[in-house]
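Chemist: Input file: my_file.pdb. Contents: PDB, C-alpha atoms.
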```pdb
MODEL        1
ATOM      1  CA  MET K   4       3.473 -87.111-102.165
ATOM      2  CA  THR K   5       4.343 -84.370-104.591
ATOM      3  CA  ALA K   6       7.661 -84.028-106.257
ATOM      4  CA  SER K   7       9.517 -80.758-106.109
ATOM      5  CA  PRO K   8      10.930 -79.552-109.365
ATOM      6  CA  ARG K   9      14.702 -79.718-109.557
ATOM      7  CA  PRO K  10      16.796 -77.132-111.308
ATOM      8  CA  ALA K  11      18.051 -78.255-114.673
ATOM      9  CA  ALA K  12      21.539 -79.658-114.622
ATOM     10  CA  ARG K  13      24.106 -77.144-115.729
ATOM     11  CA  PRO K  14      26.388 -78.199-118.529
ATOM     12  CA  HIS K  15      29.894 -78.850-117.289
ATOM     13  CA  THR K  16      32.332 -76.299-118.627
ATOM     14  CA  LEU K  17      36.044 -76.635-118.492
ATOM     15  CA  THR K  18      37.801 -73.685-116.978
ATOM     16  CA  ALA K  19      41.451 -72.962-117.370
ATOM     17  CA  PRO K  20      43.537 -73.169-114.222
ATOM     18  CA  PRO K  21      44.352 -69.786-112.739
ATOM     19  CA  SER K  22      47.511 -68.010-113.745
ATOM     20  CA  VAL K  23      50.500 -67.769-111.465
ATOM     21  CA  VAL K  24      51.773 -64.204-111.057
ATOM     22  CA  ARG K  25      55.527 -63.903-110.682
ATOM     23  CA  SER K  26      58.335 -61.433-111.247
ATOM     24  CA  ALA K  27      59.658 -61.385-114.791
ATOM     25  CA  ARG K  28      63.178 -62.440-115.628
ATOM     26  CA  ALA K  29      65.472 -61.229-118.396
ATOM     27  CA  GLU K  30      64.862 -64.486-120.269
ATOM     28  CA  ASP K  31      61.149 -63.524-120.483
ATOM     29  CA  ALA K  32      61.999 -60.536-122.702
ATOM     30  CA  ALA K  33      61.067 -62.141-126.036
ATOM     31  CA  ALA K  34      57.790 -63.491-124.617
ATOM     32  CA  LEU K  35      56.977 -60.041-123.170
ATOM     33  CA  ALA K  36      57.533 -58.447-126.579
ATOM     34  CA  GLU K  37      55.416 -61.129-128.259
ATOM     35  CA  LEU K  38      52.606 -60.755-125.712
ATOM     36  CA  SER K  39      52.629 -56.977-126.222
ATOM     37  CA  LEU K  40      52.690 -57.077-130.036
ATOM     38  CA  PRO K  41      48.900 -57.181-130.665
ATOM     39  CA  PHE K  42      48.525 -54.145-128.382
ATOM     40  CA  VAL K  43      51.335 -52.331-130.178
ATOM     41  CA  ARG K  44      49.631 -53.040-133.524
ATOM     42  CA  SER K  45      46.328 -51.673-132.211
ATOM     43  CA  GLY K  46      48.018 -48.502-130.939
ATOM     44  CA  ALA K  47      47.261 -49.275-127.284
ATOM     45  CA  LEU K  48      50.950 -49.771-126.381
ATOM     46  CA  ARG K  49      54.219 -48.281-127.531
ATOM     47  CA  GLU K  50      56.615 -50.579-129.311
ATOM     48  CA  ARG K  51      59.560 -51.607-127.160
ATOM     49  CA  PRO K  52      62.519 -53.646-128.377
ATOM     50  CA  VAL K  53      63.253 -57.014-126.787
ATOM     51  CA  ALA K  54      66.477 -55.546-125.359
ATOM     52  CA  LEU K  55      64.447 -52.958-123.424
ATOM     53  CA  TYR K  56      62.234 -55.680-121.945
ATOM     54  CA  ALA K  57      65.380 -57.563-120.924
ATOM     55  CA  ALA K  58      66.982 -54.466-119.395
ATOM     56  CA  HIS K  59      63.830 -53.626-117.412
ATOM     57  CA  ALA K  60      62.642 -57.158-116.634
ATOM     58  CA  THR K  61      62.708 -56.407-112.904
ATOM     59  CA  ASP K  62      59.924 -53.830-113.470
ATOM     60  CA  PHE K  63      57.541 -56.520-114.706
ATOM     61  CA  LEU K  64      55.104 -58.923-113.168
ATOM     62  CA  VAL K  65      53.845 -61.671-115.461
ATOM     63  CA  ALA K  66      50.885 -64.023-115.364
ATOM     64  CA  GLN K  67      51.938 -67.489-116.472
ATOM     65  CA  ASP K  68      49.711 -70.442-117.314
ATOM     66  CA  ALA K  69      50.295 -74.037-116.226
ATOM     67  CA  ASP K  70      52.241 -74.719-119.441
ATOM     68  CA  GLY K  71      54.594 -71.788-118.827
ATOM     69  CA  ALA K  72      53.123 -69.450-121.455
ATOM     70  CA  LEU K  73      52.817 -65.790-120.484
ATOM     71  CA  GLU K  74      49.200 -64.639-120.386
ATOM     72  CA  GLY K  75      49.688 -61.068-119.225
ATOM     73  CA  CYS K  76      52.162 -58.544-117.913
ATOM     74  CA  VAL K  77      52.464 -55.175-116.228
ATOM     75  CA  GLY K  78      55.471 -52.998-115.529
ATOM     76  CA  LEU K  79      55.796 -51.047-112.276
ATOM     77  CA  ARG K  80      58.436 -48.328-112.121
ATOM     78  CA  SER K  81      59.098 -46.242-109.010
ATOM     79  CA  TYR K  82      59.848 -42.522-109.023
ATOM     80  CA  ALA K  83      61.315 -40.566-106.106
ATOM     81  CA  ALA K  84      59.294 -37.761-104.551
ATOM     82  CA  GLU K  85      59.790 -34.731-106.784
ATOM     83  CA  THR K  86      58.870 -31.812-104.549
ATOM     84  CA  SER K  87      59.426 -30.882-100.947
ATOM     85  CA  GLY K  88      55.664 -31.035-100.375
ATOM     86  CA  SER K  89      55.438 -34.557-101.755
ATOM     87  CA  THR K  90      54.492 -37.249 -99.267
ATOM     88  CA  GLY K  91      56.666 -39.959-100.784
ATOM     89  CA  PRO K  92      57.651 -41.887-103.899
ATOM     90  CA  VAL K  93      55.096 -42.817-106.541
ATOM     91  CA  GLY K  94      54.869 -45.529-109.160
ATOM     92  CA  VAL K  95      53.774 -45.874-112.738
ATOM     93  CA  LEU K  96      52.091 -48.943-114.187
ATOM     94  CA  TYR K  97      52.964 -49.429-117.828
ATOM     95  CA  ASN K  98      52.797 -51.954-120.647
ATOM     96  CA  PHE K  99      49.775 -53.630-119.029
ATOM     97  CA  CYS K 100      48.362 -56.291-121.326
ATOM     98  CA  VAL K 101      46.555 -59.623-121.203
ATOM     99  CA  ALA K 102      46.476 -62.146-124.048
ATOM    100  CA  GLY K 103      43.181 -62.018-125.927
ATOM    101  CA  ARG K 104      42.291 -65.608-125.047
ATOM    102  CA  ARG K 105      42.566 -64.786-121.317
ATOM    103  CA  GLN K 106      40.830 -61.410-121.202
ATOM    104  CA  GLY K 107      37.787 -61.290-118.968
ATOM    105  CA  ARG K 108      39.004 -64.246-116.882
ATOM    106  CA  GLY K 109      40.652 -62.412-113.985
ATOM    107  CA  VAL K 110      44.217 -62.362-115.307
ATOM    108  CA  GLY K 111      44.338 -58.563-115.455
ATOM    109  CA  ALA K 112      42.785 -58.242-111.997
ATOM    110  CA  GLY K 113      45.346 -60.700-110.624
ATOM    111  CA  LEU K 114      48.192 -58.696-112.127
ATOM    112  CA  LEU K 115      46.745 -55.439-110.809
ATOM    113  CA  HIS K 116      46.336 -56.872-107.286
ATOM    114  CA  ALA K 117      49.957 -58.062-107.361
ATOM    115  CA  ALA K 118      51.143 -54.654-108.609
ATOM    116  CA  LEU K 119      49.204 -52.898-105.831
ATOM    117  CA  ALA K 120      50.794 -55.220-103.276
ATOM    118  CA  GLY K 121      54.223 -54.491-104.764
ATOM    119  CA  ALA K 122      53.535 -50.756-104.564
ATOM    120  CA  ARG K 123      52.677 -51.082-100.879
ATOM    121  CA  VAL K 124      55.866 -53.056-100.199
ATOM    122  CA  ARG K 125      57.830 -50.232-101.856
ATOM    123  CA  ALA K 126      55.927 -47.691 -99.707
ATOM    124  CA  LEU K 127      54.653 -45.849-102.785
ATOM    125  CA  VAL K 128      52.022 -43.239-102.019
ATOM    126  CA  ALA K 129      50.336 -43.327-105.429
ATOM    127  CA  LEU K 130      50.223 -45.243-108.690
ATOM    128  CA  PHE K 131      49.706 -43.665-112.099
ATOM    129  CA  THR K 132      48.948 -45.171-115.458
ATOM    130  CA  ALA K 133      48.008 -43.954-118.919
ATOM    131  CA  THR K 134      45.439 -45.709-121.047
ATOM    132  CA  THR K 135      44.135 -45.235-124.551
ATOM    133  CA  GLY K 136      41.144 -47.440-123.684
ATOM    134  CA  GLY K 137      38.327 -46.999-121.222
ATOM    135  CA  GLY K 138      40.412 -47.969-118.203
ATOM    136  CA  ASP K 139      37.523 -49.944-116.704
ATOM    137  CA  LEU K 140      39.761 -52.367-114.793
ATOM    138  CA  PHE K 141      41.651 -49.493-113.199
ATOM    139  CA  LEU K 142      38.469 -47.587-112.365
ATOM    140  CA  ARG K 143      36.985 -50.697-110.703
ATOM    141  CA  HIS K 144      40.093 -50.891-108.528
ATOM    142  CA  GLY K 145      40.077 -47.353-107.170
ATOM    143  CA  PHE K 146      41.875 -45.405-109.880
ATOM    144  CA  ALA K 147      40.430 -42.054-110.934
ATOM    145  CA  PRO K 148      41.235 -39.501-113.631
ATOM    146  CA  ALA K 149      44.312 -37.419-112.815
ATOM    147  CA  SER K 150      46.289 -34.656-114.468
ATOM    148  CA  ALA K 151      49.794 -34.863-115.863
ATOM    149  CA  ARG K 152      50.850 -32.284-113.235
ATOM    150  CA  GLN K 153      50.164 -34.843-110.482
ATOM    151  CA  ALA K 154      52.249 -37.559-112.146
ATOM    152  CA  PRO K 155      56.038 -37.925-112.187
ATOM    153  CA  ALA K 156      57.284 -35.250-114.605
ATOM    154  CA  ALA K 157      59.733 -37.525-116.445
ATOM    155  CA  TRP K 158      56.962 -40.037-117.141
ATOM    156  CA  ALA K 159      54.276 -37.466-117.996
ATOM    157  CA  ASP K 160      56.675 -35.693-120.382
ATOM    158  CA  SER K 161      57.327 -39.004-122.162
ATOM    159  CA  LEU K 162      53.657 -39.523-123.058
ATOM    160  CA  ASP K 163      52.930 -39.037-126.755
ATOM    161  CA  PRO K 164      50.125 -36.457-127.039
ATOM    162  CA  ARG K 165      49.080 -37.974-130.394
ATOM    163  CA  ARG K 166      47.968 -41.118-128.568
ATOM    164  CA  ASN K 167      45.439 -39.117-126.524
ATOM    165  CA  ALA K 168      46.020 -41.288-123.454
ATOM    166  CA  ARG K 169      44.047 -40.668-120.300
ATOM    167  CA  ILE K 170      46.007 -40.509-117.037
ATOM    168  CA  LEU K 171      44.564 -42.369-114.068
ATOM    169  CA  ALA K 172      45.843 -42.463-110.489
ATOM    170  CA  ARG K 173      45.226 -44.310-107.285
ATOM    171  CA  PHE K 174      46.488 -42.896-104.030
ATOM    172  CA  LEU K 175      47.569 -45.627-101.608
TER
ENDMDL
END
```
Just give me the structure as structure tokens.

Modeler:
Amino acid sequence: MTASPRPAARPHTLTAPPSVVRSARAEDAAALAELSLPFVRSGALRERPVALYAAHATDFLVAQDADGALEGCVGLRSYAAETSGSTGPVGVLYNFCVAGRRQGRGVGAGLLHAALAGARVRALVALFTATTGGGDLFLRHGFAPASARQAPAAWADSLDPRRNARILARFL
């Protein structure tokens, strides 16, 4: 009788429990500002005061760990159709960030999936975002480069040209 080789035992690694994605509340404003701060410092996000996060809390989805700490967030704002030829309202994803310790672990993808579901519930026909990075997560989820002319004018006009952000869109 010959013995078959067995694969080597894999070392057991502890994985963090998955985040829960929920709607933000006004009382999350300080945590949203804190979560965003490293991205503001790097130039990836604009600085927003805590009061603005509180005023627009209903725009945000947050990823929360089992201990209640926020691990990521994304804002979704709707814009009415701007032209008579437009097929419907569109949305803009903004202030998308994931805590450094949770990047690469599906938190961003979970937030993006929840935002896409929210866009469908709102009957949005497209989502836009601007990124100063590579935008890999967005590109993997069906976003493609777009022009400012395709985006809501009020949002596109608010983009700081010095940041050299790239506009991406996904039509739903």

Chemist: I'd like the interatomic distance between atom CA of K:Gln106 and atom CA of K:Leu140, to a tenth of an Å.

Modeler: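 Straight-line distance from atom CA of K:Gln106 to atom CA of K:Leu140 works out to 11.1 Å.
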
Chemist: Spell out the residues picked by the PyMOL selection byres ((chain K and resi 58) around 12) here, as a ChimeraX atom specification.

Modeler: /K:27-33,51-57,59-63

Chemist: Deliver the residues from the most recent selection as a file, using C-alpha atoms, as an mmCIF file, keeping the file's coordinate frame.

Modeler:
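again.cif written:
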```cif
data_model
loop_
_atom_site.group_PDB
_atom_site.id
_atom_site.type_symbol
_atom_site.label_atom_id
_atom_site.label_comp_id
_atom_site.auth_asym_id
_atom_site.auth_seq_id
_atom_site.Cartn_x
_atom_site.Cartn_y
_atom_site.Cartn_z
ATOM 1 C CA ALA K 27 59.658 -61.385 -114.791
ATOM 2 C CA ARG K 28 63.178 -62.440 -115.628
ATOM 3 C CA ALA K 29 65.472 -61.229 -118.396
ATOM 4 C CA GLU K 30 64.862 -64.486 -120.269
ATOM 5 C CA ASP K 31 61.149 -63.524 -120.483
ATOM 6 C CA ALA K 32 61.999 -60.536 -122.702
ATOM 7 C CA ALA K 33 61.067 -62.141 -126.036
ATOM 8 C CA ARG K 51 59.560 -51.607 -127.160
ATOM 9 C CA PRO K 52 62.519 -53.646 -128.377
ATOM 10 C CA VAL K 53 63.253 -57.014 -126.787
ATOM 11 C CA ALA K 54 66.477 -55.546 -125.359
ATOM 12 C CA LEU K 55 64.447 -52.958 -123.424
ATOM 13 C CA TYR K 56 62.234 -55.680 -121.945
ATOM 14 C CA ALA K 57 65.380 -57.563 -120.924
ATOM 15 C CA HIS K 59 63.830 -53.626 -117.412
ATOM 16 C CA ALA K 60 62.642 -57.158 -116.634
ATOM 17 C CA THR K 61 62.708 -56.407 -112.904
ATOM 18 C CA ASP K 62 59.924 -53.830 -113.470
ATOM 19 C CA PHE K 63 57.541 -56.520 -114.706
#
```

Chemist: When you draw a straight line from atom CA of K:Gly137 to atom CA of K:Ala83, how long is it in Å?

Modeler: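 Spanning atom CA of K:Gly137 to atom CA of K:Ala83 is a straight-line distance of 28.3 Å.
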
Chemist: Which is closer to K:Ala118 than all the others in K:Gln67, K:Ser39, K:Thr90, K:Ser26, using only C-alpha atoms?

Modeler: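 Ranking K:Gln67, K:Ser39, K:Thr90, K:Ser26 by distance to K:Ala118, first place goes to K:Ser26.
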
Chemist: Could you list, as a list in words, every residue within 8 Å of stretch 71-79 of chain K, counting only C-alpha atoms and ignoring same-chain residues fewer than 4 positions away?

Modeler: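 Listing them by chain and then by number gives Ser22, Ala34, Leu35, Leu38, Asp62, Phe63, Leu64, Val65, Ala66, Gln67, Gly94, Val95, Leu96, Tyr97, Asn98, Phe99, Cys100, Val101, Ala102, Arg105, Val110, Gly111, Leu114, Leu115 and Ala118 of chain K.
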
Chemist: Tell me, in Å to one decimal, how far atom CA of K:Ala129 is from atom CA of K:Arg44.

Modeler: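 Here the two named atoms are 29.7 Å from each other.
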
Chemist: Might you spell out which residues the PyMOL selection byres ((chain K and resi 127) around 7) would select in the displayed file, as JSON, numbers by chain?

Modeler: {"K": [91, 92, 93, 94, 122, 123, 125, 126, 128, 129]}

Chemist: Which one of K:Arg173, K:Arg166, K:Arg25, K:Arg152 sits closest to K:Gly113 if you count all atoms listed in the file?

Modeler: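 Using all atoms listed in the file, K:Gly113 sits closest to K:Arg25.
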
Chemist: Nearest to K:Ala147 among K:Arg49, K:Ala120, K:Pro164, K:Ala172, with distances taken over only C-alpha atoms: which residue is it?

Modeler: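 Among the listed residues, the smallest separation from K:Ala147 belongs to K:Ala172.
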
Chemist: Around all of stretch 35-43 of chain K's listed atoms, make the axis-aligned box with 6 Å on each side and tell me centre and edge lengths in Å to one decimal, as JSON.

Modeler:
```
{"center_x": 53.0, "center_y": -56.7, "center_z": -126.9, "size_x": 21.0, "size_y": 20.8, "size_z": 19.5}
```

Chemist: Contacts of K:Asn167 at 10 Å or less, counting all atoms listed in the file, minus same-chain residues fewer than 2 places along, as a list in words?

Modeler: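 With the cut-off at 10 Å, the set is Ala133, Thr134, Thr135, Gly136, Leu162, Asp163, Pro164, Arg165, Arg169 and Ile170 of chain K.
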
Chemist: Restricting the calculation to all atoms listed in the file: of K:Ala168, K:Val43, K:Ala154, K:Leu119, which residue gets closest to K:Gly138?

Modeler: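 Counting all atoms listed in the file, the residue closest to K:Gly138 is K:Ala168.
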
Chemist: Between K:Val24, K:Leu175, K:Leu48, K:Leu40, which has the minimum distance to K:His144 (counting only C-alpha atoms)?

Modeler: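 Counting only C-alpha atoms, the residue closest to K:His144 is K:Leu175.
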